[in-house]
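Have a look at final_27.cif; it's mmCIF, C-alpha atoms:
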```cif
data_work
#
loop_
_atom_site.label_atom_id
_atom_site.label_comp_id
_atom_site.auth_asym_id
_atom_site.auth_seq_id
_atom_site.Cartn_x
_atom_site.Cartn_y
_atom_site.Cartn_z
CA MET A 1 0.00 0.00 0.00
CA ARG A 2 1.35 3.40 -0.91
CA PHE A 3 1.75 5.53 2.21
CA VAL A 4 2.79 9.18 1.90
CA LEU A 5 2.61 11.72 4.72
CA THR A 6 2.31 15.38 3.76
CA LEU A 7 1.84 17.23 7.04
CA THR A 8 1.73 21.01 6.80
CA PHE A 9 0.28 24.00 8.63
CA MET A 10 -2.36 24.39 5.93
CA ALA A 11 -3.33 20.74 6.31
CA LEU A 12 -4.13 21.42 9.95
CA LEU A 13 -6.21 24.51 9.32
CA GLY A 14 -7.78 24.00 5.92
CA GLY A 15 -9.17 21.35 3.68
CA THR A 16 -12.00 18.89 4.20
CA GLY A 17 -12.36 15.18 4.38
CA PRO A 18 -13.97 13.15 1.62
CA VAL A 19 -17.62 13.89 0.92
CA GLU A 20 -18.69 10.38 1.82
CA ALA A 21 -17.00 10.71 5.22
CA GLN A 22 -18.78 13.99 5.86
CA GLN A 23 -22.09 12.30 5.16
CA ARG A 24 -21.60 9.55 7.69
CA ASN A 25 -19.60 11.39 10.37
CA THR A 26 -21.13 13.50 13.10
CA SER A 27 -20.03 17.08 13.73
CA LEU A 28 -17.70 18.14 16.53
CA THR A 29 -19.76 19.47 19.45
CA GLY A 30 -18.82 21.06 22.77
CA LEU A 31 -19.81 19.14 25.90
CA GLY A 32 -21.57 22.12 27.44
CA GLY A 33 -24.14 20.26 29.51
CA ALA A 34 -23.01 18.97 32.90
CA ASN A 35 -24.70 15.58 32.47
CA GLU A 36 -23.33 15.15 28.96
CA ALA A 37 -19.79 16.00 30.09
CA LEU A 38 -19.93 13.76 33.18
CA VAL A 39 -19.27 10.56 31.20
CA TRP A 40 -16.02 11.99 29.79
CA GLN A 41 -14.50 13.65 32.87
CA ALA A 42 -11.52 11.26 32.90
CA VAL A 43 -10.41 13.11 29.76
CA GLY A 44 -8.76 16.39 30.62
CA ARG A 45 -6.44 19.18 29.57
CA LEU A 46 -2.73 18.68 30.13
CA ASP A 47 -1.26 22.13 30.73
CA ALA A 48 2.44 22.92 30.40
CA ASP A 49 3.70 26.14 31.97
CA SER A 50 4.87 28.66 29.34
CA VAL A 51 4.08 26.23 26.52
CA GLY A 52 0.38 25.47 26.11
CA PHE A 53 -1.74 22.35 26.38
CA CYS A 54 -2.53 18.92 24.98
CA THR A 55 -5.27 16.42 25.81
CA ALA A 56 -4.69 13.48 28.20
CA THR A 57 -6.77 10.63 29.64
CA LEU A 58 -6.84 8.89 33.00
CA ILE A 59 -6.25 5.13 32.48
CA ALA A 60 -5.57 4.29 36.16
CA PRO A 61 -6.03 6.33 39.36
CA ASP A 62 -2.45 7.61 39.02
CA LEU A 63 -1.69 7.22 35.29
CA LEU A 64 -2.34 9.44 32.28
CA LEU A 65 -2.09 8.53 28.62
CA THR A 66 -1.11 11.21 26.09
CA ALA A 67 1.07 11.75 23.01
CA ALA A 68 4.85 11.58 23.41
CA HIS A 69 5.40 14.90 21.64
CA CYS A 70 3.30 16.56 24.35
CA VAL A 71 6.08 16.02 26.91
CA TYR A 72 8.75 17.81 24.89
CA SER A 73 9.25 21.53 24.37
CA PRO A 74 7.86 22.48 20.94
CA THR A 75 10.67 25.01 20.48
CA SER A 76 13.76 23.13 21.71
CA ASN A 77 12.57 19.49 21.50
CA THR A 78 13.93 18.92 25.00
CA PRO A 79 11.93 17.11 27.73
CA LEU A 80 9.52 19.13 29.82
CA LYS A 81 9.85 19.09 33.59
CA ALA A 82 7.28 17.00 35.41
CA GLU A 83 6.47 19.73 37.92
CA ASP A 84 5.54 22.12 35.10
CA LEU A 85 2.74 19.83 33.90
CA THR A 86 -0.77 19.91 35.36
CA PHE A 87 -3.69 17.64 34.52
CA ARG A 88 -7.14 19.25 34.74
CA ALA A 89 -9.66 16.44 34.47
CA GLY A 90 -12.92 17.27 32.74
CA LEU A 91 -12.08 20.98 32.60
CA ARG A 92 -15.17 23.02 31.70
CA ASN A 93 -15.19 26.81 31.75
CA GLY A 94 -12.50 27.07 34.42
CA THR A 95 -13.75 24.25 36.66
CA SER A 96 -12.08 20.82 36.84
CA ALA A 97 -13.45 17.57 38.24
CA ALA A 98 -9.94 17.03 39.67
CA GLU A 99 -6.56 18.70 39.29
CA ARG A 100 -3.20 17.02 39.79
CA GLN A 101 0.51 17.70 39.31
CA ILE A 102 2.75 15.26 37.44
CA VAL A 103 5.71 13.53 39.12
CA GLN A 104 6.98 11.14 36.45
CA ILE A 105 7.11 11.29 32.66
CA GLU A 106 7.84 8.35 30.39
CA ALA A 107 7.81 8.83 26.63
CA HIS A 108 8.16 5.79 24.41
CA PRO A 109 11.82 5.32 23.42
CA GLY A 110 10.75 4.75 19.81
CA TYR A 111 9.70 8.40 19.55
CA THR A 112 12.43 10.86 18.48
CA PRO A 113 11.69 14.54 19.31
CA GLY A 114 12.50 16.95 16.52
CA GLN A 115 12.27 14.27 13.83
CA GLY A 116 8.76 15.29 12.80
CA SER A 117 5.71 13.23 11.95
CA THR A 118 7.41 10.29 10.29
CA VAL A 119 5.75 6.89 10.21
CA GLU A 120 8.19 5.74 12.89
CA ASN A 121 7.41 8.69 15.16
CA ILE A 122 3.64 8.48 14.77
CA ARG A 123 3.77 4.75 15.53
CA HIS A 124 5.53 5.49 18.87
CA ASP A 125 3.97 8.86 19.75
CA VAL A 126 2.76 7.76 23.19
CA ALA A 127 3.65 8.76 26.76
CA LEU A 128 2.56 7.77 30.27
CA LEU A 129 2.50 10.30 33.10
CA ARG A 130 2.24 9.48 36.80
CA LEU A 131 0.16 11.78 38.99
CA LYS A 132 1.58 13.13 42.23
CA THR A 133 -1.65 12.10 43.99
CA PRO A 134 -3.97 9.42 42.58
CA ILE A 135 -7.55 10.36 41.70
CA PRO A 136 -9.83 7.90 43.55
CA THR A 137 -12.14 5.84 41.38
CA HIS A 138 -15.16 7.11 43.30
CA MET A 139 -14.29 10.56 41.89
CA LEU A 140 -13.36 9.56 38.33
CA ASP A 141 -13.60 6.23 36.56
CA PRO A 142 -10.48 5.66 34.40
CA PHE A 143 -10.89 4.46 30.85
CA VAL A 144 -9.41 1.12 29.80
CA LEU A 145 -7.55 0.19 26.63
CA PHE A 146 -9.22 -1.68 23.80
CA ASP A 147 -7.15 -4.86 23.52
CA GLU A 148 -8.73 -6.60 20.56
CA ARG A 149 -7.30 -6.69 17.05
CA PHE A 150 -7.49 -3.57 14.92
CA ALA A 151 -10.71 -3.31 12.97
CA LYS A 152 -11.91 -0.61 10.63
CA GLY A 153 -15.07 1.16 11.66
CA PRO A 154 -16.66 3.91 13.75
CA VAL A 155 -14.86 5.51 16.69
CA SER A 156 -15.28 8.72 18.70
CA VAL A 157 -12.84 11.36 19.93
CA VAL A 158 -12.97 13.68 22.96
CA SER A 159 -10.48 16.54 22.91
CA TYR A 160 -9.57 20.10 23.71
CA GLY A 161 -8.20 22.33 20.97
CA ARG A 162 -7.56 25.79 19.64
CA GLY A 163 -10.72 27.87 19.96
CA ARG A 164 -12.25 25.34 22.39
CA ALA A 165 -9.65 25.29 25.14
CA GLU A 166 -12.13 25.77 28.00
CA LEU A 167 -14.60 23.09 27.02
CA PRO A 168 -14.09 19.51 25.85
CA SER A 169 -15.53 18.66 22.46
CA ARG A 170 -16.67 15.31 21.16
CA GLN A 171 -17.09 13.87 17.72
CA ALA A 172 -19.50 11.03 18.39
CA VAL A 173 -18.79 9.26 15.10
CA CYS A 174 -15.73 9.37 12.89
CA ARG A 175 -13.93 6.44 11.32
CA MET A 176 -10.78 4.42 11.42
CA PHE A 177 -10.40 3.51 7.78
CA ASP A 178 -6.95 1.97 7.47
CA HIS A 179 -3.67 1.16 9.19
CA TYR A 180 -0.08 0.74 8.04
CA GLN A 181 2.91 -0.51 10.03
CA GLY A 182 1.28 0.35 13.36
CA VAL A 183 -0.05 3.74 12.20
CA VAL A 184 -3.83 4.18 12.27
CA LEU A 185 -5.58 6.46 9.75
CA MET A 186 -8.79 8.25 10.76
CA ASP A 187 -11.07 10.96 9.38
CA CYS A 188 -11.67 12.55 12.80
CA ASP A 189 -11.88 16.34 13.23
CA VAL A 190 -8.86 17.40 15.33
CA THR A 191 -6.62 20.48 15.55
CA PHE A 192 -3.89 22.05 17.69
CA GLY A 193 -4.31 20.95 21.32
CA SER A 194 -5.96 17.70 20.25
CA SER A 195 -2.67 15.83 20.48
CA GLY A 196 -2.95 13.02 23.01
CA ALA A 197 -6.74 12.90 22.70
CA PRO A 198 -8.26 9.44 23.21
CA VAL A 199 -9.89 7.66 20.30
CA PHE A 200 -12.68 5.44 21.61
CA SER A 201 -14.17 2.22 20.38
CA HIS A 202 -17.70 1.62 21.67
CA LYS A 203 -17.86 -2.03 20.66
CA ASN A 204 -18.09 -3.26 24.25
CA GLY A 205 -20.30 -0.63 25.83
CA ARG A 206 -18.44 2.15 27.65
CA GLY A 207 -15.74 3.69 25.49
CA GLN A 208 -12.39 1.90 25.42
CA ILE A 209 -9.27 3.65 24.14
CA VAL A 210 -8.24 2.22 20.80
CA SER A 211 -5.69 4.91 19.84
CA VAL A 212 -4.33 8.38 20.67
CA VAL A 213 -4.31 11.37 18.32
CA SER A 214 -0.77 12.04 17.11
CA SER A 215 -0.95 14.40 14.15
CA VAL A 216 -2.93 15.60 11.16
CA GLY A 217 -2.02 15.59 7.51
CA ARG A 218 -2.96 14.28 4.11
CA PHE A 219 -3.20 10.77 2.76
CA GLU A 220 -3.84 10.23 -0.94
CA GLY A 221 -4.94 13.88 -1.19
CA LYS A 222 -7.41 13.74 1.71
CA LYS A 223 -7.17 15.34 5.14
CA VAL A 224 -6.73 12.66 7.80
CA SER A 225 -5.67 12.29 11.41
CA PHE A 226 -3.09 9.77 12.57
CA GLY A 227 -2.87 7.56 15.63
CA MET A 228 -1.18 4.31 16.61
CA VAL A 229 -1.95 0.77 17.78
CA LEU A 230 -1.70 1.01 21.56
CA PRO A 231 -1.57 -2.17 23.68
CA ARG A 232 2.08 -3.15 23.17
CA LEU A 233 3.28 0.45 23.45
CA VAL A 234 1.46 1.02 26.75
CA ALA A 235 2.82 -2.27 28.12
CA ASP A 236 6.34 -1.08 27.20
CA LEU A 237 5.75 2.22 28.96
CA LYS A 238 4.41 0.61 32.12
CA ARG A 239 7.56 -1.51 32.39
CA GLN A 240 9.66 1.58 31.74
CA MET A 241 7.76 3.52 34.39
CA ARG A 242 8.26 0.79 37.00
CA ALA A 243 11.96 0.55 36.20
CA ASN A 244 12.43 4.31 36.57
CA ALA A 245 10.06 4.82 39.52
CA GLN A 246 12.91 4.84 42.04
CA ASN A 247 14.64 7.62 40.17
CA PRO A 248 11.98 9.83 38.54
CA LEU A 249 14.32 12.82 38.34
CA ALA A 250 16.69 10.98 36.05
CA SER A 251 13.93 9.49 33.94
CA ALA A 252 12.39 12.91 33.36
CA ARG A 253 15.79 14.41 32.42
CA ARG A 254 14.96 17.73 34.02
CA ILE A 255 15.93 20.80 32.05
CA THR A 256 14.95 24.46 31.80
CA ILE A 257 12.03 25.03 29.46
CA ASN A 258 12.41 27.74 26.86
CA SER A 259 9.47 30.12 26.65
CA GLY A 260 7.51 28.99 23.61
CA VAL A 261 4.45 29.58 21.49
CA SER A 262 2.30 27.21 19.53
CA ARG A 263 3.95 26.32 16.26
CA THR A 264 4.10 23.88 13.44
CA THR A 265 6.95 22.57 11.37
CA SER A 266 7.07 21.38 7.84
CA THR A 267 5.96 17.99 9.16
CA GLY A 268 3.27 19.42 11.42
CA GLY A 269 1.07 17.80 14.03
CA ALA A 270 -1.69 18.56 16.51
CA LYS A 271 0.82 20.29 18.76
CA PHE A 272 0.62 22.12 22.07
CA VAL A 273 -1.44 25.31 21.80
CA ARG A 274 -1.94 28.14 24.25
CA PRO A 275 -5.43 28.51 25.76
CA GLY A 276 -7.33 30.99 23.60
CA GLY A 277 -4.47 31.05 21.10
CA SER A 278 -4.69 31.05 17.34
#
```
Please render this file's structure as structure tokens.
Amino acid sequence: MRFVLTLTFMALLGGTGPVEAQQRNTSLTGLGGANEALVWQAVGRLDADSVGFCTATLIAPDLLLTAAHCVYSPTSNTPLKAEDLTFRAGLRNGTSAAERQIVQIEAHPGYTPGQGSTVENIRHDVALLRLKTPIPTHMLDPFVLFDERFAKGPVSVVSYGRGRAELPSRQAVCRMFDHYQGVVLMDCDVTFGSSGAPVFSHKNGRGQIVSVVSSVGRFEGKKVSFGMVLPRLVADLKRQMRANAQNPLASARRITINSGVSRTTSTGGAKFVRPGGS
């Protein structure tokens, strides 16, 4: 199968998906109602001081799942400091269901910061973050991973993004339509800030995370979003996290963060974006 990534700033902001996808997909809608948002409160905004935000999801009382590129500075490609990251679960108009600091960061070793949205990077664009204080399950119910074989079909995405930083948005139906060497292709509506957003399968009732939003680009002339096949990657990261748990400072490779703004490169991606930014 021919597989060409053309990821540019214009691909993120302009263009439309195929007409047939528009006919079957639902629109992106803000979760403005309290009852509607309640189901998705384990999805939250991951804020990085002086950088911006991504989307992250609680998968255990003390573990977050997000994209690997969300834990690197978008200007210097160096690791962010754990204490400069804050998870705001279910953030809606300034109010969070829970708020926690991060104490440990583990990005998949297969991801290379600064290399852009190559097939190899998209395939490994996953990170686990450990919370300083767990969020009890009676407060928030973590989502679980979908561990069955990849199958084409409908999925949903919950994310934050540019222009909708204060309210989570959900696309109830978009589609996984192909995969290639561990990279998943979708026609979901995502933008800056959507990086790390969970892609849900609803095959077994409550949503299970089947992938994570990595980047946006074009495939065979059509605008698409990219994710990855998760189970093996998350298992790798859990082992890595346990191995480094006794020395989180070393594993996070603490450095000084350069002051940055939202940006894209010639290879693009659904990068960090400042709240309210453009």
(message) For this structure, which residues satisfy the selection - the PyMOL selection byres ((chain A and resi 131-147) around 6) - when it is evaluated on the file as given? I want them as a PyMOL selection string.
(response) chain A and resi 42+58-62+101-103+130+148+208-210
Output the selection as an mmCIF file, in the coordinates of the input - C-alpha atoms for each residue.
```cif
data_model
loop_
_atom_site.group_PDB
_atom_site.id
_atom_site.type_symbol
_atom_site.label_atom_id
_atom_site.label_comp_id
_atom_site.auth_asym_id
_atom_site.auth_seq_id
_atom_site.Cartn_x
_atom_site.Cartn_y
_atom_site.Cartn_z
ATOM 1 C CA ALA A 42 -11.520 11.260 32.900
ATOM 2 C CA LEU A 58 -6.840 8.890 33.000
ATOM 3 C CA ILE A 59 -6.250 5.130 32.480
ATOM 4 C CA ALA A 60 -5.570 4.290 36.160
ATOM 5 C CA PRO A 61 -6.030 6.330 39.360
ATOM 6 C CA ASP A 62 -2.450 7.610 39.020
ATOM 7 C CA GLN A 101 0.510 17.700 39.310
ATOM 8 C CA ILE A 102 2.750 15.260 37.440
ATOM 9 C CA VAL A 103 5.710 13.530 39.120
ATOM 10 C CA ARG A 130 2.240 9.480 36.800
ATOM 11 C CA GLU A 148 -8.730 -6.600 20.560
ATOM 12 C CA GLN A 208 -12.390 1.900 25.420
ATOM 13 C CA ILE A 209 -9.270 3.650 24.140
ATOM 14 C CA VAL A 210 -8.240 2.220 20.800
#
```
(request) Pick out the closest residue to Ala82 in chain A from this set: A:Glu120, A:Asp49, A:Thr26, A:Asn204. Count all atoms listed in the file. (result) A:Asp49
(request) Just give me the gap between CA of Met228 in chain A and CA of Ser96 in chain A in Å, one decimal is fine. (result) 28.3 Å
(request) Could you tell me which of A:Leu65, A:Leu91, A:Ala34, A:Leu80 comes closest to Val213 in chain A if we count only C-alpha atoms? (result)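 Counting only C-alpha atoms, the residue closest to Val213 in chain A is A:Leu65.
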(message) Show me, as a PyMOL selection string, the residues that have an atom within 10 Å of Tyr72 in chain A when counting all atoms listed in the file, minus same-chain residues fewer than 4 positions from it.
(response) chain A and resi 48+51+67-68+76-81+107+113-114+257+272
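Residues captured in this structure file are Leu46, Asp47, Ala48, Glu83, Asp84, Leu85, Phe87, Arg88, Glu99, Arg100, Gln101 and Ile102 of chain A, according to the PyMOL selection byres ((chain A and resi 86) around 8).
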Tell me, counting only C-alpha atoms, for each residue of range 50-92 of chain A within 7 Å of range 191-199 of chain A, which pair of atoms is nearest and how far apart they are in Å to one decimal, in rows ordered by chain and increasing number, as a Markdown table.
```
| residue | atom | partner | partner_atom | distance |
| --- | --- | --- | --- | --- |
| A:Phe53 | CA | A:Gly193 | CA | 5.8 |
| A:Cys54 | CA | A:Gly193 | CA | 4.5 |
| A:Thr55 | CA | A:Ala197 | CA | 4.9 |
| A:Ala56 | CA | A:Gly196 | CA | 5.5 |
| A:Thr57 | CA | A:Pro198 | CA | 6.7 |
| A:Thr66 | CA | A:Gly196 | CA | 4.0 |
| A:Ala67 | CA | A:Gly196 | CA | 4.2 |
```
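Distances from A:Asn244, A:Thr112, A:Gln181, A:Ser117 to Val71 in chain A were compared using all atoms listed in the file, and the smallest one belongs to A:Thr112.
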(request) Calculate how many Å separate CA of Arg123 in chain A from CA of Gly30 in chain A, rounding to one decimal. (result)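 That distance, rounded to one decimal, is 28.8 Å.
You can rank A:Val126, A:Ser211, A:Ser50, A:Pro168 by their closest distance to Ser73 in chain A using all atoms listed in the file, and at the top of that list sits A:Ser50.
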(message) I'd like to see the residues matched by the PyMOL selection byres ((chain A and resi 171-180) around 6) on this file, and ideally I'd get them as a PyMOL selection string.
(response) chain A and resi 25-28+152-157+170+181-188
(request) For each of A:Leu63, A:Ala165, A:Met241, A:Val190, take the minimum atom-to-atom distance to Arg45 in chain A, counting all atoms listed in the file, then give the residue where this is smallest. (result)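 Once distances to Arg45 in chain A are computed over all atoms listed in the file, the minimum belongs to A:Ala165.
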(request) Find, counting only C-alpha atoms, the residue in A:Val43, A:Val229, A:Val158, A:Leu237 that gets nearest to Ala98 in chain A. (result)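 The shortest atom-to-atom distance to Ala98 in chain A comes from A:Val43.
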(message) Report, in Å to a single decimal, how far apart CA of Asn93 in chain A and CA of Asn35 in chain A are.
(response) 14.7 Å
(message) Give me the residues near Asp236 in chain A as a list in words, where near means some atom within 12 Å (using all atoms listed in the file) and where sequence neighbours in that chain fewer than 6 positions away do not count.
(response) Glu106, Ala107, His108, Pro109, Gly110, His124, Val126, Ala127, Leu128, Leu230, Arg242 and Ala243 of chain A
